[in-house]
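Listing of entry-v9.cif; format and content: mmCIF, C-alpha atoms and all ligand atoms.
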```cif
data_entry
loop_
_atom_site.group_PDB
_atom_site.id
_atom_site.type_symbol
_atom_site.label_atom_id
_atom_site.label_comp_id
_atom_site.auth_asym_id
_atom_site.auth_seq_id
_atom_site.Cartn_x
_atom_site.Cartn_y
_atom_site.Cartn_z
ATOM 1 C CA MET B 1 -0.488 -18.635 -13.396
ATOM 2 C CA SER B 2 -1.478 -21.932 -11.780
ATOM 3 C CA GLN B 3 -5.110 -22.963 -11.315
ATOM 4 C CA THR B 4 -5.005 -22.656 -7.511
ATOM 5 C CA VAL B 5 -3.764 -19.066 -7.741
ATOM 6 C CA VAL B 6 -6.699 -18.041 -9.880
ATOM 7 C CA ASP B 7 -9.106 -19.916 -7.645
ATOM 8 C CA ARG B 8 -7.964 -18.254 -4.401
ATOM 9 C CA ALA B 9 -8.561 -14.753 -5.782
ATOM 10 C CA GLU B 10 -11.763 -15.780 -7.526
ATOM 11 C CA GLY B 11 -13.005 -17.506 -4.386
ATOM 12 C CA ALA B 12 -12.348 -14.339 -2.382
ATOM 13 C CA VAL B 13 -14.265 -12.216 -4.890
ATOM 14 C CA ALA B 14 -17.183 -14.665 -4.862
ATOM 15 C CA PHE B 15 -17.206 -14.546 -1.037
ATOM 16 C CA LEU B 16 -17.186 -10.726 -0.944
ATOM 17 C CA LYS B 17 -19.806 -10.348 -3.683
ATOM 18 C CA GLU B 18 -22.144 -12.588 -1.751
ATOM 19 C CA LYS B 19 -21.711 -10.583 1.464
ATOM 20 C CA VAL B 20 -21.569 -7.022 0.086
ATOM 21 C CA LYS B 21 -24.127 -5.187 -2.018
ATOM 22 C CA GLY B 22 -22.478 -3.082 -4.723
ATOM 23 C CA VAL B 23 -18.890 -2.727 -5.899
ATOM 24 C CA PRO B 24 -16.727 -0.394 -3.782
ATOM 25 C CA SER B 25 -15.441 2.627 -5.691
ATOM 26 C CA ALA B 26 -12.015 2.349 -4.053
ATOM 27 C CA ALA B 27 -9.890 -0.027 -2.019
ATOM 28 C CA ILE B 28 -7.075 0.678 0.412
ATOM 29 C CA VAL B 29 -4.339 -1.685 1.577
ATOM 30 C CA LEU B 30 -2.855 -0.763 4.960
ATOM 31 C CA GLY B 31 0.820 -1.318 5.763
ATOM 32 C CA SER B 32 2.418 -1.993 9.151
ATOM 33 C CA GLY B 33 0.656 -0.076 11.921
ATOM 34 C CA VAL B 34 -1.189 2.195 9.482
ATOM 35 C CA SER B 35 -4.779 2.818 10.445
ATOM 36 C CA VAL B 36 -7.257 4.905 8.455
ATOM 37 C CA LEU B 37 -11.020 5.082 7.835
ATOM 38 C CA GLU B 38 -11.832 3.506 11.196
ATOM 39 C CA GLY B 39 -15.389 4.788 11.459
ATOM 40 C CA LEU B 40 -16.924 3.671 8.164
ATOM 41 C CA SER B 41 -20.672 3.851 8.076
ATOM 42 C CA ASP B 42 -22.872 0.790 7.530
ATOM 43 C CA ARG B 43 -19.768 -1.402 7.592
ATOM 44 C CA SER B 44 -19.084 -5.090 7.573
ATOM 45 C CA SER B 45 -15.782 -6.716 8.399
ATOM 46 C CA PHE B 46 -14.369 -10.096 7.406
ATOM 47 C CA PRO B 47 -11.188 -11.775 8.693
ATOM 48 C CA PHE B 48 -8.598 -12.539 5.970
ATOM 49 C CA GLN B 49 -8.896 -16.145 7.108
ATOM 50 C CA ASP B 50 -12.505 -16.236 5.841
ATOM 51 C CA VAL B 51 -11.789 -14.257 2.675
ATOM 52 C CA PHE B 52 -8.439 -15.713 1.589
ATOM 53 C CA GLY B 53 -8.101 -18.838 3.746
ATOM 54 C CA ILE B 54 -4.933 -17.459 5.423
ATOM 55 C CA SER B 55 -4.015 -14.758 7.973
ATOM 56 C CA PRO B 56 -1.018 -12.404 8.129
ATOM 57 C CA SER B 57 1.645 -13.497 10.607
ATOM 58 C CA VAL B 58 3.148 -10.031 11.276
ATOM 59 C CA HIS B 59 2.284 -7.910 14.326
ATOM 60 C CA GLY B 60 0.578 -4.668 13.240
ATOM 61 C CA HIS B 61 -1.398 -6.308 10.405
ATOM 62 C CA SER B 62 -4.819 -7.043 11.861
ATOM 63 C CA GLY B 63 -5.868 -9.114 8.871
ATOM 64 C CA ALA B 64 -9.430 -8.097 8.112
ATOM 65 C CA VAL B 65 -11.285 -6.504 5.214
ATOM 66 C CA THR B 66 -13.678 -3.731 6.247
ATOM 67 C CA ILE B 67 -16.216 -2.488 3.734
ATOM 68 C CA GLY B 68 -18.403 0.518 4.360
ATOM 69 C CA ARG B 69 -19.371 4.043 3.368
ATOM 70 C CA LEU B 70 -17.238 7.125 4.026
ATOM 71 C CA SER B 71 -20.160 8.870 5.742
ATOM 72 C CA ASP B 72 -23.818 8.389 6.643
ATOM 73 C CA ALA B 73 -25.004 9.843 3.330
ATOM 74 C CA ALA B 74 -26.640 7.151 1.185
ATOM 75 C CA ASP B 75 -24.535 8.185 -1.807
ATOM 76 C CA ALA B 76 -21.227 8.363 0.120
ATOM 77 C CA PRO B 77 -18.503 6.307 -1.581
ATOM 78 C CA LEU B 78 -18.347 2.622 -0.643
ATOM 79 C CA VAL B 79 -14.748 1.636 0.155
ATOM 80 C CA ALA B 80 -12.951 -1.607 0.986
ATOM 81 C CA VAL B 81 -10.088 -1.406 3.473
ATOM 82 C CA PHE B 82 -7.676 -4.346 3.616
ATOM 83 C CA ARG B 83 -6.162 -4.059 7.095
ATOM 84 C CA GLY B 84 -2.833 -5.774 6.554
ATOM 85 C CA ARG B 85 -1.085 -7.640 3.761
ATOM 86 C CA PHE B 86 1.023 -10.716 3.030
ATOM 87 C CA HIS B 87 4.781 -10.416 2.464
ATOM 88 C CA LEU B 88 7.357 -12.495 0.636
ATOM 89 C CA TYR B 89 9.405 -12.653 3.847
ATOM 90 C CA GLU B 90 6.559 -14.511 5.578
ATOM 91 C CA GLY B 91 7.288 -17.318 3.154
ATOM 92 C CA HIS B 92 4.422 -16.512 0.788
ATOM 93 C CA ASP B 93 4.927 -16.587 -2.947
ATOM 94 C CA TRP B 94 4.131 -13.866 -5.447
ATOM 95 C CA SER B 95 0.582 -15.120 -5.974
ATOM 96 C CA VAL B 96 -0.236 -14.670 -2.276
ATOM 97 C CA VAL B 97 1.386 -11.243 -1.824
ATOM 98 C CA THR B 98 -0.655 -9.960 -4.779
ATOM 99 C CA LEU B 99 -3.941 -11.523 -3.603
ATOM 100 C CA ALA B 100 -5.655 -8.390 -2.301
ATOM 101 C CA ALA B 101 -4.660 -6.391 -5.387
ATOM 102 C CA ARG B 102 -5.917 -9.106 -7.736
ATOM 103 C CA VAL B 103 -9.179 -9.344 -5.800
ATOM 104 C CA VAL B 104 -9.607 -5.570 -6.154
ATOM 105 C CA ALA B 105 -9.071 -5.776 -9.921
ATOM 106 C CA LEU B 106 -11.289 -8.852 -10.362
ATOM 107 C CA TRP B 107 -14.104 -7.322 -8.325
ATOM 108 C CA GLY B 108 -13.987 -4.303 -10.656
ATOM 109 C CA ILE B 109 -12.838 -1.700 -8.091
ATOM 110 C CA LYS B 110 -11.394 1.160 -10.091
ATOM 111 C CA LYS B 111 -9.066 2.787 -7.555
ATOM 112 C CA LEU B 112 -6.491 1.150 -5.299
ATOM 113 C CA LEU B 113 -4.563 3.128 -2.695
ATOM 114 C CA LEU B 114 -1.585 1.167 -1.339
ATOM 115 C CA THR B 115 0.149 2.213 1.856
ATOM 116 C CA ASN B 116 3.335 0.982 3.480
ATOM 117 C CA ALA B 117 5.718 1.755 6.313
ATOM 118 C CA ALA B 118 9.145 2.649 4.954
ATOM 119 C CA GLY B 119 12.575 3.732 6.058
ATOM 120 C CA GLY B 120 13.719 7.167 4.874
ATOM 121 C CA LEU B 121 16.803 7.153 2.653
ATOM 122 C CA ASN B 122 16.474 10.765 1.570
ATOM 123 C CA ARG B 123 18.346 12.813 4.172
ATOM 124 C CA ASP B 124 15.768 15.625 4.000
ATOM 125 C CA TYR B 125 12.980 13.348 5.198
ATOM 126 C CA HIS B 126 11.593 13.250 8.744
ATOM 127 C CA VAL B 127 9.807 10.555 10.691
ATOM 128 C CA GLY B 128 6.098 10.811 9.921
ATOM 129 C CA ASP B 129 6.490 12.230 6.409
ATOM 130 C CA LEU B 130 4.124 10.831 3.780
ATOM 131 C CA MET B 131 5.751 10.092 0.411
ATOM 132 C CA VAL B 132 3.731 9.522 -2.751
ATOM 133 C CA LEU B 133 5.546 6.997 -4.933
ATOM 134 C CA THR B 134 6.523 8.477 -8.285
ATOM 135 C CA GLY B 135 8.680 5.461 -9.092
ATOM 136 C CA TYR B 136 10.107 2.325 -7.549
ATOM 137 C CA ARG B 137 13.096 -0.001 -7.628
ATOM 138 C CA ASP B 138 12.103 -3.658 -7.669
ATOM 139 C CA HIS B 139 14.668 -5.726 -5.774
ATOM 140 C CA LEU B 140 12.116 -8.523 -5.261
ATOM 141 C CA HIS B 141 11.493 -11.627 -7.333
ATOM 142 C CA PRO B 142 10.536 -11.264 -10.962
ATOM 143 C CA ASP B 143 7.091 -12.651 -11.625
ATOM 144 C CA PHE B 144 7.831 -15.365 -14.143
ATOM 145 C CA ALA B 145 4.585 -17.158 -13.372
ATOM 146 C CA LYS B 146 2.500 -14.165 -14.393
ATOM 147 C CA THR B 147 4.437 -12.959 -17.396
ATOM 148 C CA GLY B 148 5.470 -16.348 -18.713
ATOM 149 C CA GLY B 149 9.028 -15.219 -19.283
ATOM 150 C CA LEU B 150 10.834 -11.990 -19.972
ATOM 151 C CA PRO B 151 8.454 -9.716 -21.820
ATOM 152 C CA ALA B 152 9.483 -6.910 -24.130
ATOM 153 C CA VAL B 153 8.997 -3.402 -22.740
ATOM 154 C CA GLU B 154 6.957 -1.621 -25.353
ATOM 155 C CA LYS B 155 6.993 1.721 -23.645
ATOM 156 C CA PRO B 156 8.947 2.357 -20.461
ATOM 157 C CA THR B 157 6.388 3.784 -18.081
ATOM 158 C CA THR B 158 6.064 4.092 -14.346
ATOM 159 C CA VAL B 159 2.941 2.411 -13.046
ATOM 160 C CA CYS B 160 2.862 5.126 -10.388
ATOM 161 C CA SER B 161 2.356 8.059 -12.724
ATOM 162 C CA ASN B 162 -1.379 8.287 -13.176
ATOM 163 C CA ALA B 163 -4.417 10.365 -12.286
ATOM 164 C CA LEU B 164 -4.788 8.781 -8.835
ATOM 165 C CA SER B 165 -1.215 9.680 -7.809
ATOM 166 C CA ASP B 166 -1.849 13.180 -9.167
ATOM 167 C CA ALA B 167 -5.044 13.387 -7.104
ATOM 168 C CA LEU B 168 -3.119 12.439 -3.951
ATOM 169 C CA LEU B 169 -0.541 15.151 -4.600
ATOM 170 C CA LYS B 170 -3.219 17.745 -5.327
ATOM 171 C CA ALA B 171 -5.195 16.845 -2.191
ATOM 172 C CA GLY B 172 -1.961 16.967 -0.164
ATOM 173 C CA ASP B 173 -1.206 20.474 -1.482
ATOM 174 C CA ALA B 174 -4.692 21.675 -0.596
ATOM 175 C CA LEU B 175 -4.549 20.167 2.914
ATOM 176 C CA ALA B 176 -1.129 21.686 3.616
ATOM 177 C CA LYS B 177 -2.593 25.101 2.723
ATOM 178 C CA GLU B 178 -5.756 24.616 4.812
ATOM 179 C CA ASP B 179 -4.210 23.028 7.887
ATOM 180 C CA SER B 180 -0.833 23.951 9.359
ATOM 181 C CA SER B 181 -0.526 20.549 11.055
ATOM 182 C CA PHE B 182 -0.657 18.784 7.679
ATOM 183 C CA ARG B 183 2.938 18.463 6.448
ATOM 184 C CA PRO B 184 3.462 18.884 2.709
ATOM 185 C CA LEU B 185 3.640 15.509 0.975
ATOM 186 C CA ARG B 186 6.932 14.170 -0.322
ATOM 187 C CA GLN B 187 7.263 12.446 -3.685
ATOM 188 C CA GLY B 188 9.959 9.947 -4.439
ATOM 189 C CA THR B 189 11.298 6.549 -5.397
ATOM 190 C CA TYR B 190 10.509 3.522 -3.238
ATOM 191 C CA CYS B 191 12.956 0.619 -3.093
ATOM 192 C CA ALA B 192 11.381 -2.778 -2.366
ATOM 193 C CA LEU B 193 13.698 -5.264 -0.667
ATOM 194 C CA GLY B 194 12.820 -8.790 0.434
ATOM 195 C CA GLY B 195 13.419 -8.393 4.194
ATOM 196 C CA PRO B 196 12.564 -9.348 6.870
ATOM 197 C CA ASN B 197 15.856 -7.948 8.154
ATOM 198 C CA TYR B 198 16.251 -4.194 8.052
ATOM 199 C CA GLU B 199 19.105 -2.925 5.901
ATOM 200 C CA THR B 200 22.791 -2.723 6.721
ATOM 201 C CA LEU B 201 24.381 0.714 6.451
ATOM 202 C CA ALA B 202 26.163 -0.519 3.312
ATOM 203 C CA GLU B 203 22.806 -1.374 1.736
ATOM 204 C CA ILE B 204 21.408 2.012 2.739
ATOM 205 C CA GLU B 205 24.401 3.675 1.096
ATOM 206 C CA MET B 206 23.843 1.584 -2.068
ATOM 207 C CA LEU B 207 20.151 2.505 -2.243
ATOM 208 C CA ARG B 208 20.974 6.189 -1.731
ATOM 209 C CA ARG B 209 23.445 6.065 -4.595
ATOM 210 C CA LEU B 210 20.720 4.437 -6.699
ATOM 211 C CA LYS B 211 18.583 7.497 -5.944
ATOM 212 C CA GLY B 212 16.093 5.730 -3.681
ATOM 213 C CA ASP B 213 14.125 7.963 -1.299
ATOM 214 C CA ALA B 214 12.514 5.299 0.887
ATOM 215 C CA VAL B 215 12.951 1.567 1.489
ATOM 216 C CA GLY B 216 10.414 -1.098 2.417
ATOM 217 C CA MET B 217 9.394 -4.699 1.846
ATOM 218 C CA SER B 218 6.097 -4.564 -0.047
ATOM 219 C CA THR B 219 3.825 -2.685 -2.457
ATOM 220 C CA VAL B 220 5.694 -3.258 -5.733
ATOM 221 C CA PRO B 221 4.078 -6.681 -6.337
ATOM 222 C CA GLU B 222 0.630 -5.126 -5.821
ATOM 223 C CA LEU B 223 1.394 -2.228 -8.180
ATOM 224 C CA LEU B 224 2.500 -4.703 -10.830
ATOM 225 C CA ALA B 225 -0.481 -7.000 -10.255
ATOM 226 C CA VAL B 226 -3.040 -4.385 -11.300
ATOM 227 C CA GLU B 227 -1.060 -3.019 -14.221
ATOM 228 C CA GLY B 228 -3.075 -3.479 -17.414
ATOM 229 C CA THR B 229 -6.335 -4.155 -15.529
ATOM 230 C CA GLY B 230 -9.154 -1.628 -15.147
ATOM 231 C CA THR B 231 -7.817 -0.721 -11.686
ATOM 232 C CA MET B 232 -5.606 2.326 -11.220
ATOM 233 C CA ALA B 233 -3.208 2.149 -8.276
ATOM 234 C CA ALA B 234 -1.270 4.779 -6.368
ATOM 235 C CA ALA B 235 0.995 4.176 -3.402
ATOM 236 C CA ILE B 236 2.127 6.167 -0.412
ATOM 237 C CA SER B 237 4.851 5.463 2.140
ATOM 238 C CA VAL B 238 4.708 6.461 5.778
ATOM 239 C CA VAL B 239 8.309 7.278 6.670
ATOM 240 C CA THR B 240 8.640 5.544 10.031
ATOM 241 C CA ASN B 241 12.395 5.978 10.506
ATOM 242 C CA VAL B 242 15.134 7.899 8.729
ATOM 243 C CA TRP B 243 18.467 6.175 8.324
ATOM 244 C CA ARG B 244 21.386 8.102 9.823
ATOM 245 C CA ASP B 245 24.869 6.712 10.413
ATOM 246 C CA ASP B 246 24.926 7.555 14.088
ATOM 247 C CA GLU B 247 21.360 6.702 15.099
ATOM 248 C CA PRO B 248 20.013 3.301 16.120
ATOM 249 C CA MET B 249 16.939 1.943 14.319
ATOM 250 C CA GLY B 250 14.284 0.854 16.795
ATOM 251 C CA GLY B 251 12.897 -2.083 14.782
ATOM 252 C CA HIS B 252 9.279 -3.063 14.210
ATOM 253 C CA GLU B 253 7.898 -1.455 17.400
ATOM 254 C CA GLU B 254 9.342 1.938 16.358
ATOM 255 C CA VAL B 255 7.802 1.443 12.911
ATOM 256 C CA LEU B 256 4.363 0.679 14.373
ATOM 257 C CA GLU B 257 4.427 3.720 16.658
ATOM 258 C CA ALA B 258 5.451 6.115 13.861
ATOM 259 C CA SER B 259 2.768 4.690 11.541
ATOM 260 C CA LYS B 260 0.148 5.250 14.209
ATOM 261 C CA GLN B 261 1.231 8.886 14.602
ATOM 262 C CA ALA B 262 1.044 9.594 10.853
ATOM 263 C CA SER B 263 -2.278 7.804 10.348
ATOM 264 C CA ARG B 264 -4.395 10.880 11.196
ATOM 265 C CA ARG B 265 -2.888 12.828 8.278
ATOM 266 C CA LEU B 266 -3.221 9.844 5.978
ATOM 267 C CA ASP B 267 -6.880 9.553 6.960
ATOM 268 C CA GLN B 268 -7.452 13.243 6.097
ATOM 269 C CA LEU B 269 -5.687 12.757 2.761
ATOM 270 C CA PHE B 270 -7.631 9.663 1.732
ATOM 271 C CA ARG B 271 -10.991 11.146 2.715
ATOM 272 C CA LYS B 272 -10.234 14.199 0.562
ATOM 273 C CA VAL B 273 -9.151 12.141 -2.433
ATOM 274 C CA LEU B 274 -12.047 9.690 -2.206
ATOM 275 C CA THR B 275 -14.742 12.352 -1.846
ATOM 276 C CA GLY B 276 -13.115 14.635 -4.400
ATOM 277 C CA SER B 277 -13.612 17.516 -1.924
HETATM 278 N N1 LIG B 301 13.566 -0.704 5.927
HETATM 279 C C1 LIG B 301 12.717 -1.596 5.387
HETATM 280 N N2 LIG B 301 11.428 -1.640 5.683
HETATM 281 C C2 LIG B 301 10.950 -0.734 6.552
HETATM 282 C C3 LIG B 301 11.795 0.217 7.168
HETATM 283 C C4 LIG B 301 13.167 0.227 6.839
HETATM 284 O O1 LIG B 301 13.969 1.049 7.326
HETATM 285 N N3 LIG B 301 11.015 0.968 7.990
HETATM 286 C C5 LIG B 301 9.751 0.481 7.873
HETATM 287 N N4 LIG B 301 9.705 -0.553 7.009
#
```
Just give me the structure of the file as structure tokens.
Ligand code: HPA
Amino acid sequence: MSQTVVDRAEGAVAFLKEKVKGVPSAAIVLGSGVSVLEGLSDRSSFPFQDVFGISPSVHGHSGAVTIGRLSDAADAPLVAVFRGRFHLYEGHDWSVVTLAARVVALWGIKKLLLTNAAGGLNRDYHVGDLMVLTGYRDHLHPDFAKTGGLPAVEKPTTVCSNALSDALLKAGDALAKEDSSFRPLRQGTYCALGGPNYETLAEIEMLRRLKGDAVGMSTVPELLAVEGTGTMAAAISVVTNVWRDDEPMGGHEEVLEASKQASRRLDQLFRKVLTGS
């Protein structure tokens, strides 16, 4: 890892520590058009430009970190919400797309909930479904800078199988029982492709044969970035479109609209997981 990479994350943590009292108990990264935890109590908000020295260039990523409490209660959990992220397809390198995740780990935040907008590969899925990642396919760049080469795999694990992913699934089950408008969560494999173009039908067919359930352009770098740190990460896809041979795909605007629609359920889910209620 080069010196500047370390400094950008460390600088961001120093900035946030100076502005915020206490370490948040959880952080959330919001994908395209996803909007949750809008009304945090006692909150402060900082543009990515001030925190990281850069802003996202993609519509639907507002580019601010909001930190506040889940409710008015003094002991309500303090959470940090990163509204937007950086992507490889914006021309950023691995060190930049993992910035928020590395800041979360360096700051000592123990839980990281990653969200993304994704295309449905699984033919049973519907627009608006929420899919907890139980595994992923990494079709992005390998992180030579971080690993310093090709490391041995001591024990093949999935970074997604942990207590936080389990908590999401459990909270989703409970919500589906309590509230008929809360659709049961899906669980599946997320395929990360570089983008920014959406897939050809041939690529969709390939990913289906490789047993992918959803496809997107993010999240895997952030999952990998916190592996081996004290931060546990779980990820969830908002299925914003489902690929079918005979249906057009409406592009980024369709993705943003579908994310907005699903955000209410995601908000319910995250509040339940973060309060342990
Ligand atoms: N493919 C890749 N990324 C996406 C998609 C998709 O179909 N939908 C939302 N993000």
Using all atoms listed in the file, find each residue with an atom at most 12 Å away from ligand LIG 301 (chain B) and format the answer as a PyMOL selection string.
chain B and resi 31-34+60+87+89+115-122+127-128+190-201+203-204+207+212-219+237-244+248-259
Pick out the closest residue to B:Tyr125 from this set: B:Leu30, B:Leu185, B:Ala262, B:Val51. Count only C-alpha atoms.
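Of all the options, B:Leu185 lies closest to B:Tyr125.
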Let me make sure I understand: among B:Lys21, B:Leu70, B:Pro47, B:Val29, which one has the smallest atom-to-atom distance to B:Phe82 if we use all atoms listed in the file?
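Distance minimum relative to B:Phe82 lands on B:Val29.
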Would you mind telling me which residue in B:Ser95, B:Thr189, B:Ser35, B:Ser41 lies nearest to B:Ala74 when using all atoms listed in the file?
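So, comparing all the options, the nearest one is B:Ser41.
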Taking the file above as input, evaluate the PyMOL selection byres (((chain B and resi 45) around 12) and not hetatm) and report the hits as a compact mmCIF listing (two decimals) with C-alpha atoms, in the coordinates of the input.
```txt
# COMPACT_ATOMS: atom_id res chain seq x y z
CA LEU B 16 -17.19 -10.73 -0.94
CA LYS B 19 -21.71 -10.58 1.46
CA VAL B 20 -21.57 -7.02 0.09
CA GLU B 38 -11.83 3.51 11.20
CA GLY B 39 -15.39 4.79 11.46
CA LEU B 40 -16.92 3.67 8.16
CA SER B 41 -20.67 3.85 8.08
CA ASP B 42 -22.87 0.79 7.53
CA ARG B 43 -19.77 -1.40 7.59
CA SER B 44 -19.08 -5.09 7.57
CA PHE B 46 -14.37 -10.10 7.41
CA PRO B 47 -11.19 -11.78 8.69
CA PHE B 48 -8.60 -12.54 5.97
CA GLN B 49 -8.90 -16.14 7.11
CA ASP B 50 -12.50 -16.24 5.84
CA VAL B 51 -11.79 -14.26 2.68
CA SER B 62 -4.82 -7.04 11.86
CA GLY B 63 -5.87 -9.11 8.87
CA ALA B 64 -9.43 -8.10 8.11
CA VAL B 65 -11.28 -6.50 5.21
CA THR B 66 -13.68 -3.73 6.25
CA ILE B 67 -16.22 -2.49 3.73
CA GLY B 68 -18.40 0.52 4.36
CA VAL B 79 -14.75 1.64 0.16
CA ALA B 80 -12.95 -1.61 0.99
CA VAL B 81 -10.09 -1.41 3.47
CA PHE B 82 -7.68 -4.35 3.62
CA ARG B 83 -6.16 -4.06 7.10
```
Would you work out the distance separating atom CA of B:Gly84 from atom CA of B:Met232, expressed in Å to one decimal?
19.7 Å
On this file, the PyMOL selection byres (((chain B and resi 171) around 10) and not hetatm) gives some set of residues; write that set as a ChimeraX atom specification.
/B:165-170,172-177,185,268-274,276-277
Pick out the closest residue to B:Glu222 from this set: B:Ala73, B:Ala234, B:Ala9, B:Val58. Count only C-alpha atoms.
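The closest residue to B:Glu222 is B:Ala234.
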With a distance cut-off of 8 Å and only C-alpha atoms, select the neighbouring residues of B:Lys111, excluding the residue or stretch itself and same-chain residues fewer than 5 positions from it, and output the selection as a PyMOL selection string.
chain B and resi 25-27+164+231-233
Those residues with C-alpha atoms, as a compact mmCIF listing (two decimals), in the frame of the given file please?
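What landed in part23.txt:
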```txt
# COMPACT_ATOMS: atom_id res chain seq x y z
CA SER B 25 -15.44 2.63 -5.69
CA ALA B 26 -12.02 2.35 -4.05
CA ALA B 27 -9.89 -0.03 -2.02
CA LEU B 164 -4.79 8.78 -8.84
CA THR B 231 -7.82 -0.72 -11.69
CA MET B 232 -5.61 2.33 -11.22
CA ALA B 233 -3.21 2.15 -8.28
```
Could you tell me how far atom CA of B:Pro24 sits from atom CA of B:Leu266, in Å to one decimal place?
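Between atom CA of B:Leu266 and atom CA of B:Pro24 the gap is 19.6 Å.
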Enclosing box along x, y and z for every listed atom of stretch 246-253 of chain B, padded 4 Å each side, centre and size in Å, one decimal, as JSON:
```
{"center_x": 16.4, "center_y": 2.2, "center_z": 15.7, "size_x": 25.0, "size_y": 18.6, "size_z": 11.3}
```
Would you kindly translate the PyMOL selection byres (((chain B and resi 160) around 8) and not hetatm) into the concrete residues it picks from this file, as a PDB file with C-alpha atoms, in the coordinates of the input?
```
ATOM      1  CA  LEU B 133       5.546   6.997  -4.933  1.00  0.00           C
ATOM      2  CA  THR B 134       6.523   8.477  -8.285  1.00  0.00           C
ATOM      3  CA  GLY B 135       8.680   5.461  -9.092  1.00  0.00           C
ATOM      4  CA  THR B 158       6.064   4.092 -14.346  1.00  0.00           C
ATOM      5  CA  VAL B 159       2.941   2.411 -13.046  1.00  0.00           C
ATOM      6  CA  SER B 161       2.356   8.059 -12.724  1.00  0.00           C
ATOM      7  CA  ASN B 162      -1.379   8.287 -13.176  1.00  0.00           C
ATOM      8  CA  SER B 165      -1.215   9.680  -7.809  1.00  0.00           C
ATOM      9  CA  LEU B 223       1.394  -2.228  -8.180  1.00  0.00           C
ATOM     10  CA  ALA B 233      -3.208   2.149  -8.276  1.00  0.00           C
ATOM     11  CA  ALA B 234      -1.270   4.779  -6.368  1.00  0.00           C
ATOM     12  CA  ALA B 235       0.995   4.176  -3.402  1.00  0.00           C
TER      13      ALA B 235
END
```
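Here atom CA of B:Leu112 is placed at a distance of 20.9 Å from atom CA of B:Ser55.
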Taking (-16.1, -7.9, -7.0) in the file's coordinates, which residues come within 8 Å, counting all atoms listed in the file, written as number ranges by chain?
B: 13-14, 16-17, 23, 103-109
Rebuild stretch 204-218 of chain B to N, CA and C atoms - output it as a short mmCIF file (atom, residue, chain, number, x, y, z; two decimals), in the coordinates of the input, please.
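Now in out_12.cif:
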```
data_model
loop_
_atom_site.label_atom_id
_atom_site.label_comp_id
_atom_site.auth_asym_id
_atom_site.auth_seq_id
_atom_site.Cartn_x
_atom_site.Cartn_y
_atom_site.Cartn_z
N ILE B 204 22.02 0.67 2.76
CA ILE B 204 21.41 2.01 2.74
C ILE B 204 22.22 2.92 1.81
N GLU B 205 23.52 2.86 1.93
CA GLU B 205 24.40 3.68 1.10
C GLU B 205 24.18 3.33 -0.38
N MET B 206 24.09 2.02 -0.68
CA MET B 206 23.84 1.58 -2.07
C MET B 206 22.53 2.18 -2.59
N LEU B 207 21.47 2.04 -1.78
CA LEU B 207 20.15 2.50 -2.24
C LEU B 207 20.14 4.02 -2.43
N ARG B 208 20.89 4.73 -1.56
CA ARG B 208 20.97 6.19 -1.73
C ARG B 208 21.67 6.52 -3.05
N ARG B 209 22.74 5.78 -3.34
CA ARG B 209 23.44 6.06 -4.60
C ARG B 209 22.57 5.74 -5.80
N LEU B 210 21.65 4.80 -5.61
CA LEU B 210 20.72 4.44 -6.70
C LEU B 210 19.51 5.38 -6.73
N LYS B 211 19.60 6.43 -5.96
CA LYS B 211 18.58 7.50 -5.94
C LYS B 211 17.24 7.07 -5.34
N GLY B 212 17.30 6.09 -4.41
CA GLY B 212 16.09 5.73 -3.68
C GLY B 212 15.80 6.77 -2.61
N ASP B 213 14.52 7.02 -2.36
CA ASP B 213 14.12 7.96 -1.30
C ASP B 213 13.60 7.26 -0.07
N ALA B 214 13.05 6.05 -0.25
CA ALA B 214 12.51 5.30 0.89
C ALA B 214 12.69 3.82 0.60
N VAL B 215 12.75 3.01 1.67
CA VAL B 215 12.95 1.57 1.49
C VAL B 215 11.93 0.79 2.32
N GLY B 216 11.38 -0.26 1.71
CA GLY B 216 10.41 -1.10 2.42
C GLY B 216 10.40 -2.50 1.83
N MET B 217 9.39 -3.28 2.21
CA MET B 217 9.39 -4.70 1.85
C MET B 217 8.09 -5.13 1.17
N SER B 218 7.42 -4.21 0.51
CA SER B 218 6.10 -4.56 -0.05
C SER B 218 5.75 -3.69 -1.24
#
```
